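Worksheet: the structure to be examined is printed underneath.
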Amino acid sequence: MSATSETLKPPRSWNKRRLAIAAAIVLLLTAAFLAGYLPRRMARAKLAAATPTAPAGPRVAVVKAVAVDAGRLLTLPAGLAPNQKTLVYARASGYVNRWLVDIGDHVKKGRLLVQLDTPELEKQLAQARASLSQTKAALAQAEANRAYAYTTARREAELFAKSLIAAQENDQAQTQAAVWDANVAAAKASVEAQRANVGELEQLVSFGRVYAPYDGTITRRLVDVGTLVNAGAGTAAAELFEIASTDPMQAYVDVPQVFAPSVRVGADAKIAVKNFPGRVFAGRIARTAGALDAASRTLRTEVDLPNPKGELLAGMFVEVSLDVAVSHQVIRVPSSAIISDARGIHVGVVDGSGKVRLVAVTPGLDNGNTVDLVAGLSGGEQVIAAPPSDVTDGMQVQAVSAQ
């Protein structure tokens, strides 16, 4: 028994030693953890106690304002219009006897369009011609009386030279001849006046035949056989036809102020028509208004477009592209970023601390989804893509990329 007890004592001593070593290691690790963690926790607690809690601002989507080159192909909407469009009126009153053209007909200058019956004018013309014949007869009578007065005056002068008649008789004969000279002159003037009256009525009667003023297409017919037509273009008159000349066609575009100085007469233009996909028509800037419209601040520009085949129709919607530029870069932002109210036109810019600055800007070209700003931003700013209605200067927000 004693021998066995002696052999079991060393293992017990070894177990106690291992437990003591493990306890020492645990104590060392605990001490090291507490020495490193507790000071940092206390420091964070002190910092949190010293820093006031700031309220979290609303989340807003921001985009980066992009500086772009101002030189570009400017595309603007327009409608096609004929280079000439005329409402044709009658110069004489009457009834439509027949019309010879209808809508869609291509006519040459001088072609007969409609013929009117003008019975009143024809009666007036017949009366004027009769009066002319009457005045001509009166002129012939006056000329015959003048010839007789000349003969009498000559004979009286011969008798007076021989002292066969008194001077009074001779003077009377000479005066009578002079009177018939005046009568003949008056008769000639009456003939000329009546001839002019006949010419005027003949011209009015000829106006019963209405002709095309130029080469073009009949776009409207507004009369029929038997229609009463009043002369002129007043309130009581009605137009007979509408005629349009469609070669070349014209497109009018309103160029924004920022691009107006770069518009040049004679410059090329490109016209796209949805009816002809993939096809581009070549045009030319024919003229500009020379002044900006006070309301829209745009320059009215006319573009001429050849149309020899008549493919393009008046009233078509087209898109006109012009090569334009400005003298500086512009800043492009989403259209939804623009704030327009009583304070003016602004955009909301978020700085590095999350505060909003309302920056006054000057808008240029509106591209639809984006707007080009010509003043206010320099590029690279974080702009609120869709500002809330209650946005204010200095407002705290949380900026989130719109992408």
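Residue numbering restarts at 1 for every chain of the structure tokens, chains are lettered A, B, ... in their displayed order, and ligands are numbered from 1 as they appear.
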Residues flagged strand (DSSP E or B) by DSSP in segment 197-353 of chain A, as a VMD selection string: chain A and resid 209 to 211 216 to 221 228 to 229 241 to 256 268 to 273 280 to 292 298 to 305 317 to 324 330 to 334 339 to 341 344 to 350
Find the spatial neighbours of Thr217 of chain A, counting only C-alpha atoms, within a cut-off of 10 Å - ignore same-chain residues fewer than 5 positions away - and output them as number ranges by chain. A: 85, 101-108, 212, 242-246, 310
What's the 9 Å shell around segment 110-122 of chain A, counting only C-alpha atoms, without same-chain residues fewer than 2 positions away, as a PyMOL selection string? chain A and resi 90+92-102+107-108+124-127+201-202+204-205+207-215+229+240-241
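Reported to one decimal place, the separation of atom CA of Asp372 of chain A from atom CA of Arg357 of chain A is 19.3 Å.
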Mind the document's chain letters and residue numbers, and return as a compact mmCIF listing (two decimals) with N, CA, C and O atoms, in the first residue's frame the residues of segment 169-331 of chain A that DSSP labels helix (DSSP H, G or I).
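Contents of out_4.txt, freshly written:
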# COMPACT_ATOMS: atom_id res chain seq x y z
N GLU A 169 -70.97 143.04 -137.96
CA GLU A 169 -71.31 141.77 -138.57
C GLU A 169 -70.07 140.89 -138.72
O GLU A 169 -70.11 139.67 -138.53
N ASN A 170 -68.97 141.54 -139.11
CA ASN A 170 -67.73 140.77 -139.25
C ASN A 170 -67.26 140.23 -137.91
O ASN A 170 -66.86 139.06 -137.81
N ASP A 171 -67.33 141.08 -136.87
CA ASP A 171 -66.91 140.61 -135.54
C ASP A 171 -67.79 139.47 -135.04
O ASP A 171 -67.31 138.51 -134.41
N GLN A 172 -69.06 139.55 -135.31
CA GLN A 172 -69.97 138.50 -134.87
C GLN A 172 -69.64 137.17 -135.55
O GLN A 172 -69.66 136.11 -134.93
N ALA A 173 -69.30 137.22 -136.85
CA ALA A 173 -68.96 136.00 -137.57
C ALA A 173 -67.67 135.38 -137.04
O ALA A 173 -67.57 134.15 -136.89
N GLN A 174 -66.70 136.23 -136.75
CA GLN A 174 -65.42 135.71 -136.23
C GLN A 174 -65.60 135.12 -134.82
O GLN A 174 -65.01 134.08 -134.50
N THR A 175 -66.42 135.77 -134.01
CA THR A 175 -66.66 135.25 -132.66
C THR A 175 -67.39 133.92 -132.70
O THR A 175 -67.10 133.00 -131.93
N GLN A 176 -68.33 133.80 -133.63
CA GLN A 176 -69.08 132.56 -133.75
C GLN A 176 -68.16 131.40 -134.14
O GLN A 176 -68.30 130.26 -133.65
N ALA A 177 -67.19 131.68 -134.95
CA ALA A 177 -66.22 130.63 -135.33
C ALA A 177 -65.40 130.19 -134.12
O ALA A 177 -65.13 128.99 -133.92
N ALA A 178 -65.01 131.17 -133.29
CA ALA A 178 -64.24 130.83 -132.10
C ALA A 178 -65.09 130.02 -131.11
O ALA A 178 -64.60 129.09 -130.44
N VAL A 179 -66.38 130.35 -131.04
CA VAL A 179 -67.28 129.60 -130.16
C VAL A 179 -67.38 128.15 -130.60
O VAL A 179 -67.35 127.22 -129.77
N TRP A 180 -67.43 127.94 -131.91
CA TRP A 180 -67.53 126.56 -132.37
C TRP A 180 -66.20 125.80 -132.20
O TRP A 180 -66.21 124.58 -132.06
N ASP A 181 -65.13 126.52 -132.15
CA ASP A 181 -63.86 125.86 -131.78
C ASP A 181 -63.95 125.28 -130.36
O ASP A 181 -63.53 124.14 -130.10
N ALA A 182 -64.50 126.11 -129.45
CA ALA A 182 -64.65 125.65 -128.06
C ALA A 182 -65.65 124.51 -127.97
O ALA A 182 -65.46 123.54 -127.20
N ASN A 183 -66.72 124.57 -128.76
CA ASN A 183 -67.70 123.50 -128.73
C ASN A 183 -67.11 122.18 -129.21
O ASN A 183 -67.40 121.11 -128.66
N VAL A 184 -66.29 122.27 -130.24
CA VAL A 184 -65.64 121.05 -130.74
C VAL A 184 -64.70 120.47 -129.68
O VAL A 184 -64.65 119.26 -129.46
N ALA A 185 -63.94 121.34 -129.01
CA ALA A 185 -63.03 120.86 -127.96
C ALA A 185 -63.81 120.19 -126.83
O ALA A 185 -63.41 119.14 -126.30
N ALA A 186 -64.95 120.78 -126.44
CA ALA A 186 -65.78 120.20 -125.39
C ALA A 186 -66.34 118.86 -125.84
O ALA A 186 -66.42 117.88 -125.07
N ALA A 187 -66.75 118.77 -127.10
CA ALA A 187 -67.29 117.51 -127.63
C ALA A 187 -66.22 116.42 -127.64
O ALA A 187 -66.49 115.26 -127.33
N LYS A 188 -64.99 116.80 -127.99
CA LYS A 188 -63.90 115.83 -127.97
C LYS A 188 -63.63 115.33 -126.54
O LYS A 188 -63.39 114.14 -126.32
N ALA A 189 -63.66 116.25 -125.57
CA ALA A 189 -63.45 115.85 -124.17
C ALA A 189 -64.55 114.91 -123.71
O ALA A 189 -64.29 113.94 -122.97
N SER A 190 -65.79 115.16 -124.13
CA SER A 190 -66.89 114.28 -123.76
C SER A 190 -66.70 112.89 -124.34
O SER A 190 -66.98 111.87 -123.68
N VAL A 191 -66.21 112.86 -125.57
CA VAL A 191 -65.96 111.56 -126.20
C VAL A 191 -64.89 110.80 -125.43
O VAL A 191 -65.03 109.60 -125.18
N GLU A 192 -63.81 111.51 -125.05
CA GLU A 192 -62.74 110.84 -124.31
C GLU A 192 -63.23 110.34 -122.94
O GLU A 192 -62.88 109.24 -122.50
N ALA A 193 -64.04 111.14 -122.26
CA ALA A 193 -64.56 110.73 -120.96
C ALA A 193 -65.46 109.50 -121.10
O ALA A 193 -65.38 108.55 -120.30
N GLN A 194 -66.31 109.54 -122.14
CA GLN A 194 -67.19 108.40 -122.32
C GLN A 194 -66.42 107.16 -122.75
O GLN A 194 -66.75 106.04 -122.36
N ARG A 195 -65.35 107.37 -123.52
CA ARG A 195 -64.52 106.24 -123.93
C ARG A 195 -63.83 105.61 -122.70
O ARG A 195 -63.71 104.38 -122.61
N ALA A 196 -63.37 106.46 -121.76
CA ALA A 196 -62.77 105.94 -120.53
C ALA A 196 -63.79 105.17 -119.70
O ALA A 196 -63.47 104.13 -119.10
N ASN A 197 -65.03 105.67 -119.68
CA ASN A 197 -66.08 104.98 -118.93
C ASN A 197 -66.34 103.60 -119.55
O ASN A 197 -66.50 102.60 -118.83
N VAL A 198 -66.35 103.55 -120.87
CA VAL A 198 -66.54 102.26 -121.55
C VAL A 198 -65.38 101.32 -121.23
O VAL A 198 -65.58 100.12 -120.96
N GLY A 199 -64.17 101.86 -121.24
CA GLY A 199 -63.01 101.03 -120.94
C GLY A 199 -63.07 100.47 -119.52
O GLY A 199 -62.72 99.30 -119.29
N GLU A 200 -63.50 101.30 -118.56
CA GLU A 200 -63.62 100.83 -117.19
C GLU A 200 -64.63 99.70 -117.07
O GLU A 200 -64.38 98.68 -116.41
N LEU A 201 -65.79 99.88 -117.72
CA LEU A 201 -66.82 98.84 -117.65
C LEU A 201 -66.37 97.58 -118.38
O LEU A 201 -66.68 96.46 -117.94
N GLU A 202 -65.65 97.74 -119.49
CA GLU A 202 -65.13 96.56 -120.18
C GLU A 202 -64.15 95.80 -119.28
O GLU A 202 -64.15 94.56 -119.26
N GLN A 203 -63.34 96.57 -118.51
CA GLN A 203 -62.40 95.92 -117.59
C GLN A 203 -63.14 95.18 -116.50
O GLN A 203 -62.78 94.06 -116.13
N LEU A 204 -64.21 95.81 -115.96
CA LEU A 204 -64.99 95.15 -114.92
C LEU A 204 -65.67 93.90 -115.44
O LEU A 204 -65.73 92.87 -114.74
N VAL A 205 -66.17 93.96 -116.67
CA VAL A 205 -66.79 92.78 -117.25
C VAL A 205 -65.75 91.68 -117.45
O VAL A 205 -66.04 90.49 -117.22
N SER A 206 -64.54 92.07 -117.81
CA SER A 206 -63.48 91.06 -117.99
C SER A 206 -63.12 90.40 -116.67
O SER A 206 -62.63 89.27 -116.65
N GLN A 257 -32.38 82.70 -77.47
CA GLN A 257 -31.49 83.87 -77.45
C GLN A 257 -30.02 83.48 -77.38
O GLN A 257 -29.19 84.09 -78.06
N VAL A 258 -29.68 82.46 -76.60
CA VAL A 258 -28.29 82.10 -76.41
C VAL A 258 -27.64 81.65 -77.72
O VAL A 258 -26.43 81.81 -77.91
N PHE A 259 -28.42 81.12 -78.66
CA PHE A 259 -27.88 80.66 -79.93
C PHE A 259 -28.14 81.63 -81.07
O PHE A 259 -27.67 81.41 -82.19
N ALA A 260 -28.93 82.67 -80.83
CA ALA A 260 -29.33 83.58 -81.91
C ALA A 260 -28.14 84.21 -82.64
O ALA A 260 -28.16 84.31 -83.87
N PRO A 261 -27.07 84.65 -81.95
CA PRO A 261 -25.97 85.29 -82.69
C PRO A 261 -25.28 84.37 -83.68
O PRO A 261 -24.61 84.85 -84.61
N SER A 262 -25.38 83.06 -83.53
CA SER A 262 -24.69 82.14 -84.43
C SER A 262 -25.53 81.76 -85.65
O SER A 262 -25.06 81.01 -86.50
Using only C-alpha atoms, tabulate the residues of segment 315-384 of chain A lying at most 10 Å from any atom of segment 276-294 of chain A, each with its closest atom pair and that distance in Å to one decimal, by chain and increasing residue number, as JSON lines.
{"residue": "A:Val320", "atom": "CA", "partner": "A:Gly283", "partner_atom": "CA", "distance": 8.9}
{"residue": "A:Ser321", "atom": "CA", "partner": "A:Gly283", "partner_atom": "CA", "distance": 9.7}
{"residue": "A:Leu322", "atom": "CA", "partner": "A:Ile285", "partner_atom": "CA", "distance": 9.0}
Would you export the selected residues with all heavy atoms as a PDB file, in the first residue's frame, please?
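The resulting file, again.pdb, is reproduced below:
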ATOM      1  N   VAL A 320     -36.202  70.738 -87.576  1.00  0.00           N
ATOM      2  CA  VAL A 320     -35.152  71.470 -88.278  1.00  0.00           C
ATOM      3  C   VAL A 320     -33.898  71.480 -87.414  1.00  0.00           C
ATOM      4  O   VAL A 320     -33.956  71.847 -86.236  1.00  0.00           O
ATOM      5  CB  VAL A 320     -35.599  72.910 -88.588  1.00  0.00           C
ATOM      6  CG1 VAL A 320     -34.496  73.672 -89.304  1.00  0.00           C
ATOM      7  CG2 VAL A 320     -36.870  72.903 -89.430  1.00  0.00           C
ATOM      8  N   SER A 321     -32.767  71.075 -87.993  1.00  0.00           N
ATOM      9  CA  SER A 321     -31.498  71.027 -87.270  1.00  0.00           C
ATOM     10  C   SER A 321     -30.562  72.092 -87.834  1.00  0.00           C
ATOM     11  O   SER A 321     -30.351  72.168 -89.048  1.00  0.00           O
ATOM     12  CB  SER A 321     -30.852  69.646 -87.397  1.00  0.00           C
ATOM     13  OG  SER A 321     -31.680  68.657 -86.821  1.00  0.00           O
ATOM     14  N   LEU A 322     -30.010  72.919 -86.937  1.00  0.00           N
ATOM     15  CA  LEU A 322     -29.101  73.998 -87.310  1.00  0.00           C
ATOM     16  C   LEU A 322     -27.794  73.837 -86.557  1.00  0.00           C
ATOM     17  O   LEU A 322     -27.787  73.424 -85.388  1.00  0.00           O
ATOM     18  CB  LEU A 322     -29.717  75.364 -86.982  1.00  0.00           C
ATOM     19  CG  LEU A 322     -31.130  75.656 -87.507  1.00  0.00           C
ATOM     20  CD1 LEU A 322     -31.625  76.978 -86.953  1.00  0.00           C
ATOM     21  CD2 LEU A 322     -31.136  75.682 -89.027  1.00  0.00           C
TER      22      LEU A 322
END
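For the pair atom CA of Pro363 of chain A and atom CA of Ser401 of chain A, the separation is 23.4 Å.
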